[in-house]
Number of protein chains: 2
Amino acid sequence: MENQALTVVEYVVSRLAALGIDRVFGVPGDYSFPFDDAIEECPELEWIVCANELNAAYAADGYARLRGAAILTSTYGVGELSALNGMMGSKATRLPVFHIVGVPSLRIQKRKLITHHSLGDGVYGNFAAISAASACVSAHLTPETAIAEMERVIREALRLSAPAYITVSEDLARMPVIGTPIKGIALSNVKRNASTCQELDAALACVLERLHAAKTPVALPTQIVARYGLCEQLGAFLTRSRIPFALTPMDKGLLSEDHPSYIGLYNGDSSYPIGVRTIVESADLILDIGGLIFEDLNTGLWSDQINPERLITLGEDFVTVGDKVFTSVALSDILNGLIASAPVFGGLFETPPKTLQPLVGEGGDPLSANTFYPRLQRMLRAGDTLVAETGTCMLHMAKLRLPDGVGYQSQTLWGSIGWATPAAMGVAMADPAKRTILVTGDGSHQLTANEIGVMGRYAIKPVIFVLNNGLYGIEDVLSQVGHIYDDLAPWDYHKIPAAMGCKGWFAVRVATVAELERAIEAAQDWVGACYIEVMIPPGESQPLPMNIVDHLYKTGTPTS
Amino acid sequence: MENQALTVVEYVVSRLAALGIDRVFGVPGDYSFPFDDAIEECPELEWIVCANELNAAYAADGYARLRGAAILTSTYGVGELSALNGMMGSKATRLPVFHIVGVPSLRIQKRKLITHHSLGDGVYGNFAAISAASACVSAHLTPETAIAEMERVIREALRLSAPAYITVSEDLARMPVIGTPIKGIALSNVKRNASTCQELDAALACVLERLHAAKTPVALPTQIVARYGLCEQLGAFLTRSRIPFALTPMDKGLLSEDHPSYIGLYNGDSSYPIGVRTIVESADLILDIGGLIFEDLNTGLWSDQINPERLITLGEDFVTVGDKVFTSVALSDILNGLIASAPVFGGLFETPPKTLQPLVGEGGDPLSANTFYPRLQRMLRAGDTLVAETGTCMLHMAKLRLPDGVGYQSQTLWGSIGWATPAAMGVAMADPAKRTILVTGDGSHQLTANEIGVMGRYAIKPVIFVLNNGLYGIEDVLSQVGHIYDDLAPWDYHKIPAAMGCKGWFAVRVATVAELERAIEAAQDWVGACYIEVMIPPGESQPLPMNIVDHLYKTGTPTS
């Protein structure tokens, strides 16, 4: 063993930092102090102390979407369980978030002592399986196992693109690792999946055969491509093959909507423009790149009509063509094969006109969905990332055509309201030189608004729109209008940043078109953070781009 | 089946309301709308829409402490997982919180559709075991099973005094229950445990034999007595037997500290007054009534020295005397036996003088622990409940002698920071005619301060002290002073109520003794809610009533 070997926690945080992670989101706490100290002392890492653990998990989720991975830390029991919903969302969204947790020392456990943050039953394994359920891999480290286990954990989290859960007992945490530390390489250089030659060749031949036979193919690429760092390859393939492509709500933001082959949003009978539906569903071959998720909000409430016989799926480590399945085929390898050998299409479809939404209303007109979103659309510029909270606002934003270079993040599958506010912080911290624009509803914002103070503390500069209609808008629609439980506490949202100690924020409430336009002007200068409370009378958030009655029927109101 | 039979969800909420519960804490959400509607329509219940699910769970926890049980509602996946830490705290604290959750309809599941709030894998059983781990009993209801299952769930939750987890699919939720509904009785009339005669007789004889042989017995009653609604019996036994008793930090508030037999706080070498330690540890018999938990913060960091041979434990359904164990002995039955037959002691110990803490500082003096807590102590009056957040403030408050009729709630075992703010709301709603006084640290408050808006919405009138020292005080001590991760975002706390829409609140920042005294005067009038930000310079929260170095050693710093 070398002199001054790293301790277990020092090794863990430096090994993770080597992936290219530069911040840790979390809440410090006893049992985790060794981790907390190691993070503070690691020169590559900045400690981001969040308002609570769920917020920290959401922030890590946002960060991982742009940086490919993230670190979350919390303490035993109370902390890790609070983070669970956020971690589970990262699992649903396929994000490698490394959750590091300190647990009570073995000295305590061996002496059979009862300690706080426990059920008082002297059992110290009550929570490990629960947290592990939100991960794809987990490890309890010791000085002997830390080096090998970290390689296994990182490999699996990256192979599966999903969270990892790592614990160490407080007394072992500060002991030196035994063995030779591994330096690690940046995430972008890690080979995530490998192919078996025979399977790859067979799969590629099968896909090419179908492509050569196709006349009107369409591609539907998914966020999985981004998770595995393959957007450049995907772009090369689409540009070369000239196959028209659409994106689903869940996958919006993956590629530029200015791409010459982009045809619009595919979302079953809520596709936008609606002609996209016909193009996709009448295609003689649909190339699903990454693995579509046929979730209700991603398919116009299961109104998709995709003929499975015409569907080819290129998963991260498998390929399906009709009823043929090829395993051990890495997405990166088959994309390379397609770039080299796919036939060239194009010119068969007209792409829809790339117009902005019409600009209605002026001056003292009250605000509404119709007046807000077109103005939001016009303020977007290359480099921005738009973070869309779950709710009516997400449904509206899914239809906004984004200028080239504008990113888009939503949580369409997991759909945990409250996610967007801390996630926007994580997105902003992933690249502080770029502008992050958060659009959230008031109901969602109340769940996690305490993170605004953290944004102020770390001096990031988000542009935040809080749409204030006084209720849980989407729930008010889904539950059929008029329930008292959809009403909200009447916050004065624009006072929140000052109350939470944010210095130099531009915070304002706007109720008319002219006021909104003035606030957007300030946000366009972007000299500091902007927090804009947008008053939208409840009825003005509609109409929703979905068939609600149909949804209610399918989700189970029995006979209405 | 009768006409207009109750639906499953109507039956569940009315059956739970019959226990005497009058409020439901939660967040509405799809899949749970049938529950949400049934709660709204149940005349016995008020819907309390909380800022988020964890807050709702904490509020239910606070409510259950005073009312004996509570109802929490959230939605599938995202909601229930967010509530998990709060539910687990209720499990540690032994509170019957009924967590009701709507899950996706069987129509969706049978059609193998993928829906939001899932992992996208078509699996709908991913979260049930996780939520069930925070309960002592769980049930998935159908129209056929709802009536019988609710009896089982209620019986077990009350027998074990611990949370229950109840789910129903959205399509089954609105179907009529099959069978004859059961009306139910108030919680106070429910027999929680029963005794086997033979065991009860043997246990009672054994305990009485030891009591008759004892010369210097001491009792240590615990919160379990309150959980099972036996405080009156306990009081009768202690008054009649004249056995001196102490309370631990975890059990503070169980009985009046004005009781003639009360000797003070037992907490190992942190007992207060310290003489209590000698009295307890030199007693020739220690009667543990309820089941002591020898947790670190409840034993002066495991400095307790109680001779197990002198210890008798009366558990909720068992008795241990030395190495003898009697099972199937209900606490209520053995207490009745002791009231009837226990010998009478008394006069052997002098109880410590019941003085208030000395009143130091005046006028423009800056605030400190020494100037704050004596003034807090003097404002307490019969009917108040003091809610103590985990942290340095809890350690200080454990030592405050409480006037007769003042309740006290803390989360000494689970110790999840952030608990106290929503829990205080639940406590206040359990009896809105009485005053609830919350004392919390700034670090803890930031985790859950969004619940302040909910307090305003429902017009409760808490008196809130937020101790602002700019950092996680207790962590700063435990982790050894000076870590950047113990610093907090610099909120202007007293601006929070207005920003969150609280109308008519008295909100103020105080930095001197005179300012504090004026604010307390306003709180004594108690015409409305009070929110008092108390500026305490960091160093002035000390000294801590514990041996920190010892704690660090025991929790695992290996050789320092």
# chains A, B, ... in the order shown; residues from 1 in each chain; ligands from 1
>>> select_by_dssp(residues="range 293-518 of chain B", states="helix (DSSP H, G or I)", output="ChimeraX atom specification")
/B:296-298,308-310,331-341,369-379,392-397,420-430,442-448,451-457,473-478,484-486,493-499,513-518
>>> residues_around(residues="range 465-469 of chain A", least_positions_apart="4", cutoff="8 Å", atoms="only C-alpha atoms", output="short mmCIF file (atom, residue, chain, number, x, y, z; two decimals) with all heavy atoms, in the first residue's frame")
data_model
loop_
_atom_site.label_atom_id
_atom_site.label_comp_id
_atom_site.auth_asym_id
_atom_site.auth_seq_id
_atom_site.Cartn_x
_atom_site.Cartn_y
_atom_site.Cartn_z
N ILE A 437 -34.29 28.20 -19.08
CA ILE A 437 -35.60 28.82 -18.94
C ILE A 437 -36.56 27.78 -18.38
O ILE A 437 -36.78 26.73 -18.99
CB ILE A 437 -36.11 29.34 -20.30
CG1 ILE A 437 -35.13 30.39 -20.84
CG2 ILE A 437 -37.52 29.92 -20.15
CD1 ILE A 437 -35.49 30.89 -22.23
N LEU A 438 -37.07 28.05 -17.20
CA LEU A 438 -38.02 27.15 -16.54
C LEU A 438 -39.43 27.68 -16.72
O LEU A 438 -39.67 28.86 -16.47
CB LEU A 438 -37.69 27.07 -15.05
CG LEU A 438 -38.78 26.51 -14.12
CD1 LEU A 438 -39.06 25.03 -14.42
CD2 LEU A 438 -38.37 26.69 -12.67
N VAL A 439 -40.34 26.82 -17.15
CA VAL A 439 -41.76 27.17 -17.17
C VAL A 439 -42.48 26.16 -16.27
O VAL A 439 -42.43 24.95 -16.53
CB VAL A 439 -42.36 27.16 -18.58
CG1 VAL A 439 -43.84 27.51 -18.53
CG2 VAL A 439 -41.61 28.13 -19.48
N THR A 440 -43.10 26.67 -15.23
CA THR A 440 -43.76 25.78 -14.28
C THR A 440 -45.12 26.34 -13.88
O THR A 440 -45.34 27.55 -13.94
CB THR A 440 -42.88 25.58 -13.02
OG1 THR A 440 -43.59 24.73 -12.09
CG2 THR A 440 -42.57 26.89 -12.32
N GLY A 441 -46.01 25.44 -13.51
CA GLY A 441 -47.30 25.87 -12.96
C GLY A 441 -47.16 26.18 -11.48
O GLY A 441 -46.20 25.75 -10.82
N ASP A 442 -48.10 26.93 -10.96
CA ASP A 442 -48.04 27.32 -9.55
C ASP A 442 -48.14 26.11 -8.62
O ASP A 442 -47.42 26.01 -7.63
CB ASP A 442 -49.09 28.38 -9.22
CG ASP A 442 -50.47 28.07 -9.78
OD1 ASP A 442 -50.64 27.02 -10.43
OD2 ASP A 442 -51.39 28.89 -9.57
N HIS A 445 -44.90 24.31 -8.61
CA HIS A 445 -43.82 25.11 -8.03
C HIS A 445 -43.87 25.08 -6.50
O HIS A 445 -42.82 25.06 -5.84
CB HIS A 445 -43.95 26.54 -8.54
CG HIS A 445 -42.78 27.42 -8.26
ND1 HIS A 445 -41.49 27.08 -8.57
CD2 HIS A 445 -42.71 28.67 -7.69
CE1 HIS A 445 -40.67 28.06 -8.20
NE2 HIS A 445 -41.38 29.02 -7.67
N GLY A 473 -53.80 23.03 -12.37
CA GLY A 473 -54.54 23.14 -13.62
C GLY A 473 -54.87 21.81 -14.25
O GLY A 473 -56.02 21.52 -14.58
N TYR A 493 -46.05 34.88 -5.56
CA TYR A 493 -44.84 34.18 -6.02
C TYR A 493 -43.65 35.10 -6.22
O TYR A 493 -42.52 34.76 -5.88
CB TYR A 493 -45.14 33.40 -7.31
CG TYR A 493 -46.12 32.29 -7.07
CD1 TYR A 493 -47.48 32.50 -7.22
CD2 TYR A 493 -45.69 31.04 -6.65
CE1 TYR A 493 -48.40 31.50 -6.96
CE2 TYR A 493 -46.59 30.03 -6.39
CZ TYR A 493 -47.95 30.26 -6.54
OH TYR A 493 -48.85 29.27 -6.28
N TYR A 531 -37.38 36.13 -12.39
CA TYR A 531 -38.46 35.32 -11.82
C TYR A 531 -39.75 36.05 -12.17
O TYR A 531 -40.04 37.12 -11.64
CB TYR A 531 -38.27 35.21 -10.32
CG TYR A 531 -39.26 34.30 -9.61
CD1 TYR A 531 -38.88 33.02 -9.22
CD2 TYR A 531 -40.54 34.73 -9.31
CE1 TYR A 531 -39.76 32.18 -8.55
CE2 TYR A 531 -41.43 33.89 -8.64
CZ TYR A 531 -41.03 32.62 -8.27
OH TYR A 531 -41.90 31.80 -7.61
N ILE A 532 -40.51 35.50 -13.08
CA ILE A 532 -41.67 36.18 -13.63
C ILE A 532 -42.94 35.41 -13.29
O ILE A 532 -43.12 34.26 -13.73
CB ILE A 532 -41.51 36.33 -15.17
CG1 ILE A 532 -40.21 37.09 -15.46
CG2 ILE A 532 -42.72 37.06 -15.76
CD1 ILE A 532 -39.74 36.98 -16.89
N GLU A 533 -43.75 36.02 -12.45
CA GLU A 533 -45.04 35.41 -12.07
C GLU A 533 -46.07 35.84 -13.11
O GLU A 533 -46.36 37.04 -13.24
CB GLU A 533 -45.44 35.90 -10.67
CG GLU A 533 -46.79 35.41 -10.21
CD GLU A 533 -47.19 35.97 -8.85
OE1 GLU A 533 -46.41 36.74 -8.25
OE2 GLU A 533 -48.31 35.63 -8.40
N VAL A 534 -46.60 34.89 -13.83
CA VAL A 534 -47.49 35.18 -14.96
C VAL A 534 -48.92 34.87 -14.53
O VAL A 534 -49.27 33.71 -14.30
CB VAL A 534 -47.10 34.33 -16.19
CG1 VAL A 534 -48.00 34.67 -17.38
CG2 VAL A 534 -45.63 34.52 -16.54
N MET A 535 -49.74 35.91 -14.40
CA MET A 535 -51.12 35.72 -13.97
C MET A 535 -51.97 35.26 -15.15
O MET A 535 -52.13 35.99 -16.13
CB MET A 535 -51.70 37.04 -13.44
CG MET A 535 -50.90 37.68 -12.31
SD MET A 535 -50.75 36.62 -10.87
CE MET A 535 -52.45 36.68 -10.26
N ILE A 536 -52.47 34.05 -15.06
CA ILE A 536 -53.33 33.52 -16.13
C ILE A 536 -54.64 33.08 -15.49
O ILE A 536 -54.63 32.16 -14.67
CB ILE A 536 -52.65 32.34 -16.85
CG1 ILE A 536 -51.37 32.82 -17.54
CG2 ILE A 536 -53.61 31.70 -17.85
CD1 ILE A 536 -50.73 31.80 -18.45
N PRO A 537 -55.75 33.73 -15.82
CA PRO A 537 -57.02 33.30 -15.22
C PRO A 537 -57.24 31.82 -15.52
O PRO A 537 -56.89 31.33 -16.60
CB PRO A 537 -58.06 34.17 -15.94
CG PRO A 537 -57.30 35.34 -16.46
CD PRO A 537 -55.92 34.84 -16.75
N PRO A 538 -57.80 31.06 -14.54
CA PRO A 538 -57.90 29.61 -14.65
C PRO A 538 -58.40 29.12 -16.01
O PRO A 538 -57.78 28.24 -16.62
CB PRO A 538 -58.89 29.23 -13.55
CG PRO A 538 -58.75 30.32 -12.54
CD PRO A 538 -58.36 31.56 -13.28
N SER A 541 -55.93 28.68 -19.31
CA SER A 541 -54.83 27.74 -19.58
C SER A 541 -55.25 26.71 -20.62
O SER A 541 -54.44 25.97 -21.14
CB SER A 541 -54.42 26.99 -18.31
OG SER A 541 -54.62 27.74 -17.17
#
>>> residues_around(residues="range 219-231 of chain A", least_positions_apart="2", cutoff="8 Å", atoms="only C-alpha atoms", output="PyMOL selection string")
chain A and resi 65+68+94-95+161+188+192+217+233-235+243-248+250-251+254-255+286-292+316+332
>>> select_by_dssp(residues="range 257-316 of chain B", states="strand (DSSP E)", output="ChimeraX atom specification")
/B:262-265,285-289,311-314
>>> write_last_selection(atoms="N, CA and C atoms", output="PDB file, in the first residue's frame")
ATOM      1  N   TYR B 262     -42.870  13.757  39.836  1.00  0.00           N
ATOM      2  CA  TYR B 262     -41.945  13.955  38.708  1.00  0.00           C
ATOM      3  C   TYR B 262     -40.595  14.443  39.208  1.00  0.00           C
ATOM      4  N   ILE B 263     -39.546  13.753  38.802  1.00  0.00           N
ATOM      5  CA  ILE B 263     -38.227  14.138  39.304  1.00  0.00           C
ATOM      6  C   ILE B 263     -37.349  14.796  38.241  1.00  0.00           C
ATOM      7  N   GLY B 264     -37.724  14.725  36.972  1.00  0.00           N
ATOM      8  CA  GLY B 264     -36.924  15.406  35.945  1.00  0.00           C
ATOM      9  C   GLY B 264     -36.646  14.539  34.742  1.00  0.00           C
ATOM     10  N   LEU B 265     -35.681  15.012  33.939  1.00  0.00           N
ATOM     11  CA  LEU B 265     -35.351  14.374  32.659  1.00  0.00           C
ATOM     12  C   LEU B 265     -34.259  13.337  32.863  1.00  0.00           C
ATOM     13  N   LEU B 285     -35.393  -0.746  41.745  1.00  0.00           N
ATOM     14  CA  LEU B 285     -36.309  -1.299  40.733  1.00  0.00           C
ATOM     15  C   LEU B 285     -36.677  -0.181  39.771  1.00  0.00           C
ATOM     16  N   ILE B 286     -36.542  -0.430  38.494  1.00  0.00           N
ATOM     17  CA  ILE B 286     -36.899   0.575  37.479  1.00  0.00           C
ATOM     18  C   ILE B 286     -38.055   0.021  36.663  1.00  0.00           C
ATOM     19  N   LEU B 287     -39.165   0.716  36.746  1.00  0.00           N
ATOM     20  CA  LEU B 287     -40.368   0.274  36.064  1.00  0.00           C
ATOM     21  C   LEU B 287     -40.500   1.043  34.754  1.00  0.00           C
ATOM     22  N   ASP B 288     -40.151   0.376  33.684  1.00  0.00           N
ATOM     23  CA  ASP B 288     -40.238   0.947  32.327  1.00  0.00           C
ATOM     24  C   ASP B 288     -41.658   0.691  31.830  1.00  0.00           C
ATOM     25  N   ILE B 289     -42.433   1.756  31.725  1.00  0.00           N
ATOM     26  CA  ILE B 289     -43.846   1.578  31.357  1.00  0.00           C
ATOM     27  C   ILE B 289     -44.042   1.981  29.898  1.00  0.00           C
ATOM     28  N   LEU B 311     -34.627  -4.060  36.103  1.00  0.00           N
ATOM     29  CA  LEU B 311     -35.544  -3.454  35.135  1.00  0.00           C
ATOM     30  C   LEU B 311     -36.774  -4.330  34.893  1.00  0.00           C
ATOM     31  N   ILE B 312     -37.934  -3.706  35.028  1.00  0.00           N
ATOM     32  CA  ILE B 312     -39.193  -4.338  34.622  1.00  0.00           C
ATOM     33  C   ILE B 312     -39.737  -3.525  33.456  1.00  0.00           C
ATOM     34  N   THR B 313     -40.100  -4.200  32.374  1.00  0.00           N
ATOM     35  CA  THR B 313     -40.701  -3.489  31.241  1.00  0.00           C
ATOM     36  C   THR B 313     -42.131  -3.949  31.034  1.00  0.00           C
ATOM     37  N   LEU B 314     -43.034  -2.971  31.036  1.00  0.00           N
ATOM     38  CA  LEU B 314     -44.420  -3.245  30.684  1.00  0.00           C
ATOM     39  C   LEU B 314     -44.623  -2.761  29.249  1.00  0.00           C
TER      40      LEU B 314
END
>>> residues_around(residues="range 137-142 of chain B", least_positions_apart="4", cutoff="7 Å", atoms="only C-alpha atoms", output="number ranges by chain")
B: 132, 146, 149, 153, 156-157, 164-168, 172
>>> write_last_selection(atoms="all heavy atoms", output="PDB file, in the first residue's frame")
ATOM      1  N   ALA B 132     -45.256  -0.317   1.543  1.00  0.00           N
ATOM      2  CA  ALA B 132     -45.667  -1.225   2.621  1.00  0.00           C
ATOM      3  C   ALA B 132     -44.590  -1.340   3.696  1.00  0.00           C
ATOM      4  O   ALA B 132     -44.895  -1.595   4.863  1.00  0.00           O
ATOM      5  CB  ALA B 132     -46.014  -2.601   2.057  1.00  0.00           C
ATOM      6  N   ALA B 146     -63.189  -5.172   0.413  1.00  0.00           N
ATOM      7  CA  ALA B 146     -62.968  -3.900   1.114  1.00  0.00           C
ATOM      8  C   ALA B 146     -63.435  -3.936   2.567  1.00  0.00           C
ATOM      9  O   ALA B 146     -62.721  -3.473   3.467  1.00  0.00           O
ATOM     10  CB  ALA B 146     -63.662  -2.761   0.357  1.00  0.00           C
ATOM     11  N   GLU B 149     -61.243  -6.379   4.708  1.00  0.00           N
ATOM     12  CA  GLU B 149     -59.859  -5.909   4.752  1.00  0.00           C
ATOM     13  C   GLU B 149     -59.712  -4.651   5.607  1.00  0.00           C
ATOM     14  O   GLU B 149     -58.708  -4.475   6.307  1.00  0.00           O
ATOM     15  CB  GLU B 149     -59.343  -5.643   3.336  1.00  0.00           C
ATOM     16  CG  GLU B 149     -58.974  -6.906   2.571  1.00  0.00           C
ATOM     17  CD  GLU B 149     -57.730  -7.558   3.115  1.00  0.00           C
ATOM     18  OE1 GLU B 149     -57.841  -8.238   4.173  1.00  0.00           O
ATOM     19  OE2 GLU B 149     -56.662  -7.401   2.517  1.00  0.00           O
ATOM     20  N   VAL B 153     -57.104  -4.182   8.573  1.00  0.00           N
ATOM     21  CA  VAL B 153     -56.110  -3.104   8.535  1.00  0.00           C
ATOM     22  C   VAL B 153     -56.230  -2.229   9.787  1.00  0.00           C
ATOM     23  O   VAL B 153     -55.226  -1.902  10.434  1.00  0.00           O
ATOM     24  CB  VAL B 153     -56.303  -2.262   7.251  1.00  0.00           C
ATOM     25  CG1 VAL B 153     -55.574  -0.932   7.363  1.00  0.00           C
ATOM     26  CG2 VAL B 153     -55.823  -3.046   6.037  1.00  0.00           C
ATOM     27  N   GLU B 156     -55.073  -4.125  12.982  1.00  0.00           N
ATOM     28  CA  GLU B 156     -53.628  -4.306  13.090  1.00  0.00           C
ATOM     29  C   GLU B 156     -52.904  -2.986  13.314  1.00  0.00           C
ATOM     30  O   GLU B 156     -51.957  -2.911  14.095  1.00  0.00           O
ATOM     31  CB  GLU B 156     -53.082  -5.017  11.845  1.00  0.00           C
ATOM     32  CG  GLU B 156     -53.504  -6.469  11.753  1.00  0.00           C
ATOM     33  CD  GLU B 156     -53.033  -7.264  12.954  1.00  0.00           C
ATOM     34  OE1 GLU B 156     -51.823  -7.522  13.054  1.00  0.00           O
ATOM     35  OE2 GLU B 156     -53.893  -7.598  13.809  1.00  0.00           O
ATOM     36  N   ALA B 157     -53.339  -1.943  12.608  1.00  0.00           N
ATOM     37  CA  ALA B 157     -52.691  -0.632  12.793  1.00  0.00           C
ATOM     38  C   ALA B 157     -52.855  -0.161  14.229  1.00  0.00           C
ATOM     39  O   ALA B 157     -51.937   0.422  14.812  1.00  0.00           O
ATOM     40  CB  ALA B 157     -53.274   0.389  11.823  1.00  0.00           C
ATOM     41  N   ALA B 164     -50.530   2.200   8.308  1.00  0.00           N
ATOM     42  CA  ALA B 164     -51.142   1.229   7.399  1.00  0.00           C
ATOM     43  C   ALA B 164     -51.104   1.805   5.989  1.00  0.00           C
ATOM     44  O   ALA B 164     -51.125   3.023   5.809  1.00  0.00           O
ATOM     45  CB  ALA B 164     -52.581   0.957   7.807  1.00  0.00           C
ATOM     46  N   TYR B 165     -51.055   0.921   5.014  1.00  0.00           N
ATOM     47  CA  TYR B 165     -50.969   1.329   3.600  1.00  0.00           C
ATOM     48  C   TYR B 165     -52.096   0.646   2.844  1.00  0.00           C
ATOM     49  O   TYR B 165     -52.214  -0.574   2.874  1.00  0.00           O
ATOM     50  CB  TYR B 165     -49.597   0.910   3.068  1.00  0.00           C
ATOM     51  CG  TYR B 165     -49.379   1.061   1.584  1.00  0.00           C
ATOM     52  CD1 TYR B 165     -49.389   2.311   0.981  1.00  0.00           C
ATOM     53  CD2 TYR B 165     -49.114  -0.054   0.786  1.00  0.00           C
ATOM     54  CE1 TYR B 165     -49.152   2.446  -0.385  1.00  0.00           C
ATOM     55  CE2 TYR B 165     -48.866   0.060  -0.574  1.00  0.00           C
ATOM     56  CZ  TYR B 165     -48.892   1.324  -1.158  1.00  0.00           C
ATOM     57  OH  TYR B 165     -48.644   1.446  -2.504  1.00  0.00           O
ATOM     58  N   ILE B 166     -52.949   1.464   2.234  1.00  0.00           N
ATOM     59  CA  ILE B 166     -54.176   0.961   1.613  1.00  0.00           C
ATOM     60  C   ILE B 166     -54.240   1.464   0.176  1.00  0.00           C
ATOM     61  O   ILE B 166     -54.177   2.670  -0.061  1.00  0.00           O
ATOM     62  CB  ILE B 166     -55.412   1.473   2.382  1.00  0.00           C
ATOM     63  CG1 ILE B 166     -55.369   1.001   3.840  1.00  0.00           C
ATOM     64  CG2 ILE B 166     -56.706   1.021   1.695  1.00  0.00           C
ATOM     65  CD1 ILE B 166     -56.322   1.757   4.752  1.00  0.00           C
ATOM     66  N   THR B 167     -54.387   0.538  -0.778  1.00  0.00           N
ATOM     67  CA  THR B 167     -54.482   0.951  -2.180  1.00  0.00           C
ATOM     68  C   THR B 167     -55.758   0.402  -2.800  1.00  0.00           C
ATOM     69  O   THR B 167     -56.327  -0.583  -2.327  1.00  0.00           O
ATOM     70  CB  THR B 167     -53.286   0.428  -3.005  1.00  0.00           C
ATOM     71  OG1 THR B 167     -53.261  -1.001  -2.931  1.00  0.00           O
ATOM     72  CG2 THR B 167     -51.973   0.972  -2.492  1.00  0.00           C
ATOM     73  N   VAL B 168     -56.175   1.068  -3.865  1.00  0.00           N
ATOM     74  CA  VAL B 168     -57.281   0.555  -4.672  1.00  0.00           C
ATOM     75  C   VAL B 168     -57.056   1.031  -6.102  1.00  0.00           C
ATOM     76  O   VAL B 168     -56.581   2.148  -6.328  1.00  0.00           O
ATOM     77  CB  VAL B 168     -58.654   0.996  -4.103  1.00  0.00           C
ATOM     78  CG1 VAL B 168     -58.801   2.497  -4.058  1.00  0.00           C
ATOM     79  CG2 VAL B 168     -59.801   0.376  -4.888  1.00  0.00           C
ATOM     80  N   LEU B 172     -61.779   0.154  -9.845  1.00  0.00           N
ATOM     81  CA  LEU B 172     -62.528  -0.504  -8.767  1.00  0.00           C
ATOM     82  C   LEU B 172     -62.960   0.495  -7.696  1.00  0.00           C
ATOM     83  O   LEU B 172     -63.894   0.246  -6.934  1.00  0.00           O
ATOM     84  CB  LEU B 172     -61.680  -1.596  -8.118  1.00  0.00           C
ATOM     85  CG  LEU B 172     -61.157  -2.687  -9.056  1.00  0.00           C
ATOM     86  CD1 LEU B 172     -60.470  -3.776  -8.241  1.00  0.00           C
ATOM     87  CD2 LEU B 172     -62.286  -3.285  -9.889  1.00  0.00           C
TER      88      LEU B 172
END
>>> closest_residue(among="A:Thr421, A:His483, A:Asp61, A:Thr239", to="Met455 in chain A", atoms="only C-alpha atoms")
A:Thr421
>>> interface_residues(of="chain A", to="chain B", cutoff="6 Å", atoms="only C-alpha atoms", output="PyMOL selection string")
chain A and resi 51-52+78+81-82+85+92+105+114-119+170-171+295-296+413-416+446-447+453-454+457+489-492+495-496+499-501+555-558
>>> residues_around(residues="Ser256 in chain A", least_positions_apart="5", cutoff="10 Å", atoms="only C-alpha atoms", output="PyMOL selection string")
chain A and resi 235+261-262+401-407
>>> closest_residue(among="B:Val321, B:Met425, B:Val177, B:Ala214", to="Ala342 in chain B", atoms="only C-alpha atoms")
B:Ala214
>>> residues_around(residues="Val276 in chain B", least_positions_apart="3", cutoff="9 Å", atoms="only C-alpha atoms", output="PyMOL selection string")
chain B and resi 246+263-268+271-273+279-281+352
>>> write_last_selection(atoms="C-alpha atoms", output="tab-separated table (two decimals), in the first residue's frame")
chain	number	residue	atom	x	y	z
B	246	ALA	CA	-38.59	10.62	35.24
B	263	ILE	CA	-38.23	14.14	39.30
B	264	GLY	CA	-36.92	15.41	35.94
B	265	LEU	CA	-35.35	14.37	32.66
B	266	TYR	CA	-33.50	11.08	32.54
B	267	ASN	CA	-30.91	11.11	29.77
B	268	GLY	CA	-27.86	9.22	31.08
B	271	SER	CA	-29.94	14.06	32.75
B	272	TYR	CA	-31.48	17.29	33.96
B	273	PRO	CA	-31.16	18.08	36.76
B	279	ILE	CA	-31.91	8.54	41.51
B	280	VAL	CA	-32.77	6.44	38.46
B	281	GLU	CA	-29.58	4.42	38.24
B	352	PRO	CA	-35.95	18.80	42.39
>>> atom_distance(atom1="CA of Thr385 in chain B", atom2="CA of Phe237 in chain B")
24.3 Å
